[in-house]
>>> print(open('final-v8.cif').read())   # mmCIF, C-alpha atoms
data_protein
loop_
_atom_site.label_atom_id
_atom_site.label_comp_id
_atom_site.auth_asym_id
_atom_site.auth_seq_id
_atom_site.Cartn_x
_atom_site.Cartn_y
_atom_site.Cartn_z
CA LEU T 101 0.00 0.00 0.00
CA SER T 102 1.96 2.98 -1.25
CA ALA T 103 0.62 6.49 -0.86
CA GLN T 104 1.30 9.00 -3.60
CA LEU T 105 1.44 12.77 -3.60
CA PRO T 106 -1.15 14.56 -5.76
CA GLU T 107 -0.09 15.74 -9.20
CA ARG T 108 1.62 19.07 -9.60
CA PRO T 109 0.58 21.77 -8.79
CA PHE T 110 -1.13 20.84 -5.55
CA LEU T 111 -2.36 22.60 -2.46
CA TYR T 112 -1.02 21.33 0.85
CA PRO T 113 -3.38 22.53 3.58
CA ILE T 114 -1.98 22.29 7.10
CA LEU T 115 -4.69 21.95 9.70
CA ASP T 116 -3.06 23.30 12.85
CA VAL T 117 -5.56 22.48 15.56
CA ALA T 118 -4.51 25.54 17.56
CA LEU T 119 -5.82 27.66 14.67
CA LEU T 120 -9.04 25.81 13.98
CA GLY T 121 -10.92 28.08 16.36
CA GLY T 122 -13.16 25.34 17.67
CA ARG T 123 -13.97 23.82 14.29
CA PRO T 124 -13.84 20.02 14.66
CA VAL T 125 -10.86 18.56 12.82
CA ALA T 126 -13.05 16.09 10.90
CA GLU T 127 -15.18 18.94 9.57
CA ALA T 128 -12.07 20.86 8.57
CA VAL T 129 -10.72 17.86 6.66
CA ALA T 130 -14.07 17.37 4.94
CA ALA T 131 -14.26 21.08 4.04
CA VAL T 132 -10.83 21.28 2.38
CA ALA T 133 -11.61 18.03 0.56
CA ARG T 134 -14.84 19.51 -0.78
CA GLY T 135 -12.81 22.52 -1.83
CA GLY T 136 -10.61 20.25 -3.94
CA ALA T 137 -7.60 19.43 -1.72
CA ARG T 138 -6.23 15.90 -2.24
CA LEU T 139 -3.92 15.97 0.76
CA VAL T 140 -3.99 17.45 4.23
CA GLN T 141 -1.55 17.66 7.12
CA LEU T 142 -2.65 17.46 10.73
CA ARG T 143 -0.51 19.50 13.11
CA ALA T 144 -1.12 19.67 16.86
CA LYS T 145 1.94 20.77 18.76
CA LYS T 146 0.75 21.51 22.25
CA VAL T 147 -1.59 18.66 23.00
CA THR T 148 -0.97 15.45 24.94
CA GLY T 149 -0.31 12.17 23.16
CA ARG T 150 -3.74 10.98 24.24
CA VAL T 151 -5.44 13.99 22.67
CA LEU T 152 -3.26 13.84 19.56
CA VAL T 153 -4.13 10.25 18.73
CA GLY T 154 -7.81 11.09 19.13
CA LEU T 155 -7.54 14.05 16.77
CA ALA T 156 -5.55 11.97 14.30
CA GLU T 157 -8.18 9.24 14.36
CA GLU T 158 -10.91 11.78 13.61
CA ALA T 159 -8.82 13.31 10.83
CA GLN T 160 -8.03 9.93 9.34
CA GLN T 161 -11.66 8.85 9.24
CA ALA T 162 -12.60 12.07 7.48
CA ALA T 163 -9.64 11.82 5.13
CA ARG T 164 -10.44 8.26 4.17
CA ALA T 165 -14.10 9.13 3.60
CA ALA T 166 -13.08 11.99 1.29
CA ASP T 167 -10.25 10.03 -0.34
CA VAL T 168 -7.55 12.55 0.60
CA LEU T 169 -4.08 11.72 1.91
CA LEU T 170 -3.46 12.40 5.58
CA ILE T 171 0.01 13.44 6.68
CA VAL T 172 0.58 13.65 10.45
CA ASN T 173 3.08 16.19 11.68
CA ASP T 174 6.02 14.97 13.74
CA ARG T 175 4.81 11.61 15.13
CA PRO T 176 5.20 8.37 13.13
CA ASP T 177 3.75 6.36 16.02
CA VAL T 178 0.50 8.29 15.83
CA ALA T 179 0.42 8.02 12.03
CA ARG T 180 0.90 4.27 12.24
CA ILE T 181 -1.74 3.86 14.94
CA VAL T 182 -4.46 5.61 12.94
CA GLY T 183 -3.32 4.35 9.54
CA ALA T 184 -2.43 7.76 8.13
CA ASP T 185 -0.58 7.97 4.80
CA GLY T 186 2.53 9.68 6.03
CA VAL T 187 4.44 11.93 8.38
CA HIS T 188 6.08 15.30 8.06
CA VAL T 189 9.14 16.02 10.16
CA GLY T 190 11.24 19.10 10.76
CA GLN T 191 14.90 19.63 11.52
CA ASP T 192 14.39 18.95 15.26
CA ASP T 193 12.15 15.92 14.85
CA LEU T 194 13.02 12.28 14.25
CA PRO T 195 15.17 11.93 11.12
CA PRO T 196 13.33 10.67 7.99
CA SER T 197 15.18 7.34 8.05
CA ASP T 198 13.88 6.69 11.57
CA VAL T 199 10.38 7.76 10.61
CA ARG T 200 10.45 5.17 7.87
CA ARG T 201 11.52 2.47 10.29
CA VAL T 202 8.25 3.06 12.11
CA LEU T 203 6.00 3.53 9.06
CA GLY T 204 7.47 1.32 6.35
CA ALA T 205 8.34 1.88 2.73
CA GLY T 206 4.86 2.77 1.49
CA ALA T 207 4.40 5.85 3.65
CA VAL T 208 4.89 9.43 2.51
CA VAL T 209 7.69 11.11 4.45
CA GLY T 210 8.21 14.84 4.14
CA PHE T 211 11.00 16.95 5.58
CA SER T 212 11.25 20.67 6.33
CA THR T 213 14.27 22.57 5.06
CA HIS T 214 15.31 26.19 5.30
CA SER T 215 18.50 26.34 3.25
CA LEU T 216 20.24 24.61 0.37
CA ALA T 217 22.45 22.72 2.81
CA GLN T 218 19.39 21.38 4.62
CA LEU T 219 17.81 20.45 1.28
CA GLU T 220 20.84 18.45 0.26
CA TRP T 221 21.37 16.71 3.62
CA PRO T 222 18.69 14.01 3.20
CA LEU T 223 19.81 13.30 -0.35
CA GLU T 224 23.41 12.84 0.71
CA ASN T 225 22.73 10.95 3.92
CA ASP T 226 20.45 8.08 3.03
CA GLN T 227 17.38 9.83 4.35
CA PRO T 228 14.51 8.49 2.27
CA VAL T 229 12.10 11.41 1.80
CA ASP T 230 9.20 11.72 -0.63
CA TYR T 231 9.10 15.49 -0.70
CA LEU T 232 10.99 18.43 0.70
CA ALA T 233 9.34 21.47 2.22
CA VAL T 234 11.12 24.77 1.63
CA GLY T 235 10.53 27.96 3.52
CA PRO T 236 9.51 30.25 4.94
CA VAL T 237 9.12 31.71 1.46
CA PHE T 238 7.40 34.85 2.73
CA PRO T 239 7.06 36.32 6.23
CA THR T 240 4.65 34.34 8.38
CA ARG T 241 3.00 34.87 11.71
CA THR T 242 1.99 31.26 12.25
CA LYS T 243 5.30 30.22 13.74
CA GLN T 244 6.57 32.41 16.53
CA ASP T 245 10.07 30.99 16.20
CA ALA T 246 10.05 31.02 12.42
CA ASP T 247 13.31 30.62 10.51
CA PRO T 248 14.57 33.57 8.41
CA VAL T 249 12.58 34.19 5.25
CA VAL T 250 14.22 32.44 2.29
CA GLY T 251 12.18 34.02 -0.51
CA LEU T 252 11.31 32.64 -3.92
CA ASP T 253 15.02 32.51 -4.54
CA LEU T 254 15.50 29.36 -2.47
CA VAL T 255 12.56 27.74 -4.25
CA ARG T 256 14.24 28.42 -7.60
CA ARG T 257 17.63 27.19 -6.45
CA ALA T 258 16.08 24.13 -4.82
CA ARG T 259 14.28 23.36 -8.08
CA GLN T 260 17.60 23.38 -9.93
CA ARG T 261 19.20 21.03 -7.43
CA VAL T 262 16.62 18.38 -6.58
CA ALA T 263 14.20 16.26 -8.55
CA LEU T 264 12.05 15.45 -5.51
CA PRO T 265 8.69 17.17 -5.14
CA LEU T 266 9.06 20.54 -3.44
CA VAL T 267 6.41 22.00 -1.18
CA ALA T 268 6.84 25.71 -0.51
CA ILE T 269 5.64 27.04 2.82
CA GLY T 270 5.41 30.30 4.72
CA GLY T 271 3.15 33.29 4.10
CA ILE T 272 1.63 31.85 0.92
CA THR T 273 -1.76 33.28 -0.06
CA ALA T 274 -4.10 33.20 -3.04
CA GLU T 275 -2.31 36.36 -4.23
CA ASN T 276 1.24 34.98 -4.31
CA ALA T 277 0.65 31.21 -4.67
CA ARG T 278 1.05 31.35 -8.44
CA ASP T 279 4.49 32.98 -8.15
CA VAL T 280 5.57 30.13 -5.88
CA ILE T 281 4.51 27.47 -8.37
CA ASP T 282 6.12 29.46 -11.18
CA ALA T 283 9.35 29.49 -9.13
CA GLY T 284 9.37 25.71 -9.27
CA ALA T 285 7.37 24.46 -6.29
CA ASP T 286 5.20 21.41 -6.89
CA GLY T 287 2.94 22.18 -3.99
CA VAL T 288 2.13 25.11 -1.76
CA ALA T 289 1.45 24.70 1.92
CA VAL T 290 -1.00 27.05 3.55
CA ILE T 291 -1.96 27.61 7.15
CA SER T 292 -3.07 31.16 7.93
CA ALA T 293 -4.38 31.87 4.43
CA LEU T 294 -6.74 28.98 4.97
CA LEU T 295 -7.47 28.81 8.68
CA ALA T 296 -7.98 32.55 9.19
CA THR T 297 -11.00 32.34 6.89
CA ALA T 298 -14.50 31.44 7.97
CA ASP T 299 -15.23 29.22 4.97
CA LEU T 300 -12.52 26.58 4.58
CA GLU T 301 -14.09 25.08 1.50
CA ALA T 302 -14.28 28.39 -0.36
CA ALA T 303 -10.76 29.37 0.71
CA THR T 304 -9.41 26.03 -0.49
CA ARG T 305 -11.14 26.43 -3.84
CA ARG T 306 -9.75 29.96 -4.22
CA LEU T 307 -6.21 28.81 -3.42
CA ILE T 308 -6.40 25.89 -5.84
CA ALA T 309 -7.68 28.18 -8.59
CA ALA T 310 -4.75 30.48 -7.91
CA ILE T 311 -2.10 27.78 -8.30
CA ALA T 312 -3.88 26.31 -11.33
CA ALA T 313 -3.24 29.61 -13.09
CA ALA T 314 0.54 29.07 -12.85
CA ARG T 315 2.56 28.66 -16.02
CA LEU U 180 11.41 -11.82 20.93
CA SER U 181 9.53 -11.24 24.15
CA ALA U 182 10.98 -9.08 26.91
CA GLN U 183 10.32 -10.07 30.50
CA LEU U 184 10.31 -8.08 33.70
CA PRO U 185 12.90 -9.04 36.32
CA GLU U 186 11.82 -11.30 39.15
CA ARG U 187 10.20 -9.84 42.22
CA PRO U 188 11.34 -7.76 44.05
CA PHE U 189 13.09 -5.55 41.53
CA LEU U 190 14.43 -2.04 41.35
CA TYR U 191 13.12 0.15 38.55
CA PRO U 192 15.58 3.02 38.07
CA ILE U 193 14.23 5.92 36.03
CA LEU U 194 16.97 7.87 34.31
CA ASP U 195 15.45 11.29 33.82
CA VAL U 196 17.99 13.08 31.65
CA ALA U 197 17.06 16.43 33.20
CA LEU U 198 18.37 15.06 36.50
CA LEU U 199 21.54 13.38 35.25
CA GLY U 200 23.52 16.55 35.88
CA GLY U 201 25.69 16.14 32.84
CA ARG U 202 26.40 12.44 33.32
CA PRO U 203 26.15 10.75 29.89
CA VAL U 204 23.11 8.53 29.67
CA ALA U 205 25.17 5.50 28.57
CA GLU U 206 27.36 5.81 31.67
CA ALA U 207 24.29 6.07 33.88
CA VAL U 208 22.81 2.91 32.36
CA ALA U 209 26.11 1.09 32.82
CA ALA U 210 26.41 2.28 36.43
CA VAL U 211 22.95 1.10 37.53
CA ALA U 212 23.58 -2.19 35.72
CA ARG U 213 26.83 -2.65 37.63
CA GLY U 214 24.87 -1.89 40.79
CA GLY U 215 22.56 -4.79 40.00
CA ALA U 216 19.58 -3.27 38.20
CA ARG U 217 18.08 -5.52 35.50
CA LEU U 218 15.84 -2.86 34.00
CA VAL U 219 16.02 0.87 33.41
CA GLN U 220 13.66 3.51 32.11
CA LEU U 221 14.80 6.44 29.99
CA ARG U 222 12.78 9.59 30.51
CA ALA U 223 13.47 12.84 28.64
CA LYS U 224 10.49 15.11 28.62
CA LYS U 225 11.75 18.43 27.37
CA VAL U 226 14.03 17.49 24.51
CA THR U 227 13.34 17.46 20.77
CA GLY U 228 12.55 14.24 18.96
CA ARG U 229 15.94 14.40 17.31
CA VAL U 230 17.72 14.61 20.66
CA LEU U 231 15.47 11.96 22.23
CA VAL U 232 16.21 9.34 19.60
CA GLY U 233 19.94 10.00 20.04
CA LEU U 234 19.70 9.57 23.82
CA ALA U 235 17.61 6.44 23.40
CA GLU U 236 20.15 4.97 21.00
CA GLU U 237 22.95 5.58 23.52
CA ALA U 238 20.86 4.12 26.33
CA GLN U 239 19.94 1.08 24.25
CA GLN U 240 23.54 0.30 23.34
CA ALA U 241 24.55 0.49 27.00
CA ALA U 242 21.51 -1.53 28.09
CA ARG U 243 22.20 -4.25 25.55
CA ALA U 244 25.86 -4.41 26.53
CA ALA U 245 24.89 -4.83 30.19
CA ASP U 246 21.96 -7.15 29.45
CA VAL U 247 19.37 -4.93 31.12
CA LEU U 248 15.90 -4.14 29.78
CA LEU U 249 15.38 -0.65 28.43
CA ILE U 250 11.96 0.95 28.78
CA VAL U 251 11.46 4.26 26.97
CA ASN U 252 9.08 6.74 28.52
CA ASP U 253 6.13 7.94 26.46
CA ARG U 254 7.26 7.29 22.86
CA PRO U 255 6.73 3.91 21.16
CA ASP U 256 8.15 5.23 17.90
CA VAL U 257 11.47 5.99 19.57
CA ALA U 258 11.48 2.63 21.36
CA ARG U 259 10.89 0.84 18.08
CA ILE U 260 13.55 2.82 16.25
CA VAL U 261 16.29 1.97 18.75
CA GLY U 262 15.04 -1.54 19.51
CA ALA U 263 14.21 -0.91 23.16
CA ASP U 264 12.34 -3.55 25.13
CA GLY U 265 9.30 -1.52 25.99
CA VAL U 266 7.50 1.72 26.68
CA HIS U 267 5.99 3.28 29.74
CA VAL U 268 2.97 5.55 29.28
CA GLY U 269 0.99 7.76 31.60
CA GLN U 270 -2.62 8.82 31.71
CA ASP U 271 -2.07 11.60 29.16
CA ASP U 272 0.07 9.58 26.76
CA LEU U 273 -0.94 7.16 24.01
CA PRO U 274 -3.16 4.40 25.42
CA PRO U 275 -1.42 1.04 25.97
CA SER U 276 -3.38 -0.62 23.15
CA ASP U 277 -2.04 1.97 20.71
CA VAL U 278 1.49 1.61 22.06
CA ARG U 279 1.29 -2.09 21.33
CA ARG U 280 0.16 -1.42 17.77
CA VAL U 281 3.50 0.30 17.24
CA LEU U 282 5.69 -2.10 19.23
CA GLY U 283 4.08 -5.51 18.80
CA ALA U 284 3.17 -8.26 21.23
CA GLY U 285 6.65 -8.95 22.59
CA ALA U 286 7.26 -5.50 24.04
CA VAL U 287 6.87 -4.56 27.68
CA VAL U 288 4.17 -1.93 28.12
CA GLY U 289 3.74 -0.19 31.46
CA PHE U 290 1.05 2.23 32.53
CA SER U 291 0.93 4.85 35.30
CA THR U 292 -2.04 4.88 37.63
CA HIS U 293 -2.95 7.03 40.60
CA SER U 294 -6.18 5.46 41.88
CA LEU U 295 -8.02 2.16 41.94
CA ALA U 296 -10.24 3.31 39.10
CA GLN U 297 -7.20 4.03 36.95
CA LEU U 298 -5.72 0.65 37.90
CA GLU U 299 -8.83 -1.16 36.78
CA TRP U 300 -9.35 0.77 33.56
CA PRO U 301 -6.77 -1.09 31.42
CA LEU U 302 -7.99 -4.44 32.71
CA GLU U 303 -11.57 -3.66 31.83
CA ASN U 304 -10.89 -1.95 28.52
CA ASP U 305 -8.73 -4.31 26.51
CA GLN U 306 -5.57 -2.36 27.26
CA PRO U 307 -2.78 -4.93 27.17
CA VAL U 308 -0.30 -3.86 29.86
CA ASP U 309 2.58 -5.86 31.37
CA TYR U 310 2.78 -3.94 34.60
CA LEU U 311 1.03 -1.12 36.38
CA ALA U 312 2.79 1.72 38.12
CA VAL U 313 1.10 3.03 41.26
CA GLY U 314 1.84 6.30 42.96
CA PRO U 315 2.97 8.67 44.14
CA VAL U 316 3.32 6.46 47.22
CA PHE U 317 5.17 9.15 49.18
CA PRO U 318 5.61 12.89 48.58
CA THR U 319 8.00 13.58 45.72
CA ARG U 320 9.76 16.62 44.39
CA THR U 321 10.63 15.12 41.01
CA LYS U 322 7.33 15.98 39.40
CA GLN U 323 6.20 19.53 39.82
CA ASP U 324 2.65 18.65 38.86
CA ALA U 325 2.58 15.43 40.87
CA ASP U 326 -0.70 13.70 41.58
CA PRO U 327 -1.92 13.53 45.23
CA VAL U 328 0.03 11.08 47.38
CA VAL U 329 -1.73 7.72 47.49
CA GLY U 330 0.29 6.13 50.26
CA LEU U 331 1.07 2.48 50.88
CA ASP U 332 -2.67 2.01 51.16
CA LEU U 333 -3.20 2.13 47.40
CA VAL U 334 -0.36 -0.35 46.91
CA ARG U 335 -2.07 -2.78 49.30
CA ARG U 336 -5.48 -2.32 47.71
CA ALA U 337 -3.99 -2.62 44.23
CA ARG U 338 -2.28 -5.85 45.25
CA GLN U 339 -5.63 -7.30 46.31
CA ARG U 340 -7.26 -6.35 43.03
CA VAL U 341 -4.74 -7.13 40.28
CA ALA U 342 -2.43 -10.01 39.51
CA LEU U 343 -0.26 -7.93 37.17
CA PRO U 344 3.17 -6.81 38.35
CA LEU U 345 2.93 -3.59 40.33
CA VAL U 346 5.66 -0.96 40.32
CA ALA U 347 5.38 1.56 43.13
CA ILE U 348 6.68 5.07 42.47
CA GLY U 349 7.06 8.38 44.25
CA GLY U 350 9.38 9.35 47.07
CA ILE U 351 10.80 5.86 47.50
CA THR U 352 14.22 5.66 49.16
CA ALA U 353 16.50 3.01 50.64
CA GLU U 354 14.78 3.73 53.97
CA ASN U 355 11.19 3.06 52.90
CA ALA U 356 11.65 0.73 49.90
CA ARG U 357 11.17 -2.38 52.03
CA ASP U 358 7.80 -1.16 53.29
CA VAL U 359 6.68 -0.69 49.70
CA ILE U 360 7.60 -4.24 48.72
CA ASP U 361 5.98 -5.52 51.93
CA ALA U 362 2.81 -3.67 50.94
CA GLY U 363 2.68 -5.78 47.80
CA ALA U 364 4.68 -3.99 45.14
CA ASP U 365 6.76 -6.18 42.82
CA GLY U 366 9.10 -3.39 41.92
CA VAL U 367 10.03 0.03 43.19
CA ALA U 368 10.78 2.92 40.88
CA VAL U 369 13.33 5.46 41.99
CA ILE U 370 14.37 8.78 40.52
CA SER U 371 15.62 11.28 43.10
CA ALA U 372 16.88 8.63 45.55
CA LEU U 373 19.15 7.49 42.77
CA LEU U 374 19.95 10.53 40.64
CA ALA U 375 20.57 12.91 43.54
CA THR U 376 23.54 10.75 44.52
CA ALA U 377 27.05 11.07 43.13
CA ASP U 378 27.64 7.34 42.81
CA LEU U 379 24.85 5.72 40.83
CA GLU U 380 26.31 2.25 41.17
CA ALA U 381 26.55 2.41 44.96
CA ALA U 382 23.09 3.95 45.29
CA THR U 383 21.61 1.21 43.10
CA ARG U 384 23.30 -1.48 45.20
CA ARG U 385 22.00 0.10 48.40
CA LEU U 386 18.45 0.29 47.06
CA ILE U 387 18.51 -3.29 45.85
CA ALA U 388 19.80 -4.46 49.23
CA ALA U 389 16.96 -2.57 50.88
CA ILE U 390 14.22 -4.24 48.85
CA ALA U 391 15.89 -7.65 49.16
CA ALA U 392 15.31 -7.34 52.93
CA ALA U 393 11.55 -7.34 52.42
CA ARG U 394 9.44 -10.17 53.75
#
>>> encode(input="final-v8.cif", output="structure tokens")
Amino acid sequence: LSAQLPERPFLYPILDVALLGGRPVAEAVAAVARGGARLVQLRAKKVTGRVLVGLAEEAQQAARAADVLLIVNDRPDVARIVGADGVHVGQDDLPPSDVRRVLGAGAVVGFSTHSLAQLEWPLENDQPVDYLAVGPVFPTRTKQDADPVVGLDLVRRARQRVALPLVAIGGITAENARDVIDAGADGVAVISALLATADLEAATRRLIAAIAAAR
Amino acid sequence: LSAQLPERPFLYPILDVALLGGRPVAEAVAAVARGGARLVQLRAKKVTGRVLVGLAEEAQQAARAADVLLIVNDRPDVARIVGADGVHVGQDDLPPSDVRRVLGAGAVVGFSTHSLAQLEWPLENDQPVDYLAVGPVFPTRTKQDADPVVGLDLVRRARQRVALPLVAIGGITAENARDVIDAGADGVAVISALLATADLEAATRRLIAAIAAAR
């Protein structure tokens, strides 16, 4: 059972439960799916393991019902428990090779990078990743300890260096999403541009229309 | 490959990396093993996943070399990655049944409880645990948000109710360890009584001698 990323260009909605404003995670998954998303990441940084696995189970049921991929942030154990399609890890999380030891070969493993050196590290160190996230492309207020903005420039340079799917992240909106795809990203991750809106389905549709207009 | 708890009565040293005071975790594992411990738990609550898996790898190498069981606190993914023997979870962590879905049938799974109701919950809810921790038996300063002290009374009542191995925890020292075993505990967990000492090997030996004197 091997999960596959959506075709380029794709929207990569990150459902950060701290920003859902009380909307149930299952409803949020269903809404972005109705809006056209084929993949969604669940992120819940400040909850207990017990709460996280409950949220992941709800997200997974909704994702399966809507036929969208579910990527769990940070925790391969939780992804395995609920049967999610993959895990996304950052520089401080478990290394991708370890994530795969928990999830197996068929899972999608994504990895956050913030520089060319970080982009090249998994490729040169036997770290089996399915996509690389690059950012923050633009200033963002979602992460309080955000890394320095890397701009479209790093997306372009990353595109020249790696064949792996690239997901750009950080401050991406319906207004600039097209530029990000044009710079070489395969997918664009959105948090605030999506979750700060009242209608997740409409916002998803608007974002997907924006990236579809890329060259 | 099925891991087994040591025979009763046993010492259950918890190596909380925040309390190691700069002692490398591998040396700490080796020291308690030399002192006679047959099992050790690694606990590291405030470190990143990347750091945790590194600490767990060091602990596992030392544990394997000394032929002691390694139990990782909280994270079945990390235990699986390093090949540890088991995982200990608390009330807010992943439920034991989920832990076992990550680790398999042969792993040791322990579960913290602080009341009779919590002791009975796994038994009545298909939660496959290998031992139950009960506490805090005495006042403790290790946990800032410690649960109310349950006293030897809960150990005695727990002993009457469950056949599973019981590990008492909380404020246990060489002075009171024997009372805890006499109350029905199979093992005694120690943190401060061990880690506040300069000589981990000697402290382990002293604690083991204390519980060996039980009736």
>>> closest_residue(input="final-v8.cif", among="U:Ala197, U:Val266, U:Ile348, U:Ala312", to="Lys224 of chain U", atoms="only C-alpha atoms")
U:Ala197
>>> closest_residue(input="final-v8.cif", among="U:Leu343, U:Pro315, U:Ala368, U:Thr321", to="Pro301 of chain U", atoms="all atoms listed in the file")
U:Leu343
>>> resolve_selection(input="final-v8.cif", expression="the PyMOL selection byres ((chain T) within 12 of (chain U))", output="PyMOL selection string")
chain T and resi 147-157+174-183+189-204
>>> residues_around(input="final-v8.cif", residues="Ile387 of chain U", least_positions_apart="2", cutoff="10 Å", atoms="all atoms listed in the file", output="count of residues only")
20
>>> closest_residue(input="final-v8.cif", among="U:Gly363, U:Gly285, U:Gly349, U:Pro192", to="Asp326 of chain U", atoms="only C-alpha atoms")
U:Gly349
>>> atom_distance(input="final-v8.cif", atom1="atom CA of Asn304 of chain U", atom2="atom CA of Leu170 of chain T")
28.1 Å
>>> residues_near_point(input="final-v8.cif", point="(12.4, 20.0, -6.8)", cutoff="10 Å", atoms="all atoms listed in the file", output="MDAnalysis selection string")
chainID T and resid 219 231:234 255:267 284:286
>>> resolve_selection(input="final-v8.cif", expression="the PyMOL selection byres ((chain T and resi 126) around 7)", output="PDB file with C-alpha atoms, in the frame of the given file")
ATOM      1  CA  PRO T 124     -13.840  20.020  14.660  1.00  0.00           C
ATOM      2  CA  VAL T 125     -10.860  18.560  12.820  1.00  0.00           C
ATOM      3  CA  GLU T 127     -15.180  18.940   9.570  1.00  0.00           C
ATOM      4  CA  ALA T 128     -12.070  20.860   8.570  1.00  0.00           C
ATOM      5  CA  VAL T 129     -10.720  17.860   6.660  1.00  0.00           C
ATOM      6  CA  ALA T 130     -14.070  17.370   4.940  1.00  0.00           C
ATOM      7  CA  GLU T 158     -10.910  11.780  13.610  1.00  0.00           C
ATOM      8  CA  ALA T 159      -8.820  13.310  10.830  1.00  0.00           C
ATOM      9  CA  ALA T 162     -12.600  12.070   7.480  1.00  0.00           C
TER      10      ALA T 162
END
>>> atom_distance(input="final-v8.cif", atom1="atom CA of Thr273 of chain T", atom2="atom CA of Thr297 of chain T")
11.6 Å
>>> atom_distance(input="final-v8.cif", atom1="atom CA of Ile250 of chain U", atom2="atom CA of Ala347 of chain U")
15.8 Å
>>> closest_residue(input="final-v8.cif", among="T:Gln161, T:Asn173, T:Gln104, T:Ser292", to="Thr240 of chain T", atoms="only C-alpha atoms")
T:Ser292
>>> residues_near_point(input="final-v8.cif", point="(-6.6, 4.2, 47.5)", cutoff="7 Å", atoms="all atoms listed in the file", output="JSON, numbers by chain")
{"U": [294, 295, 329, 332, 333, 336]}
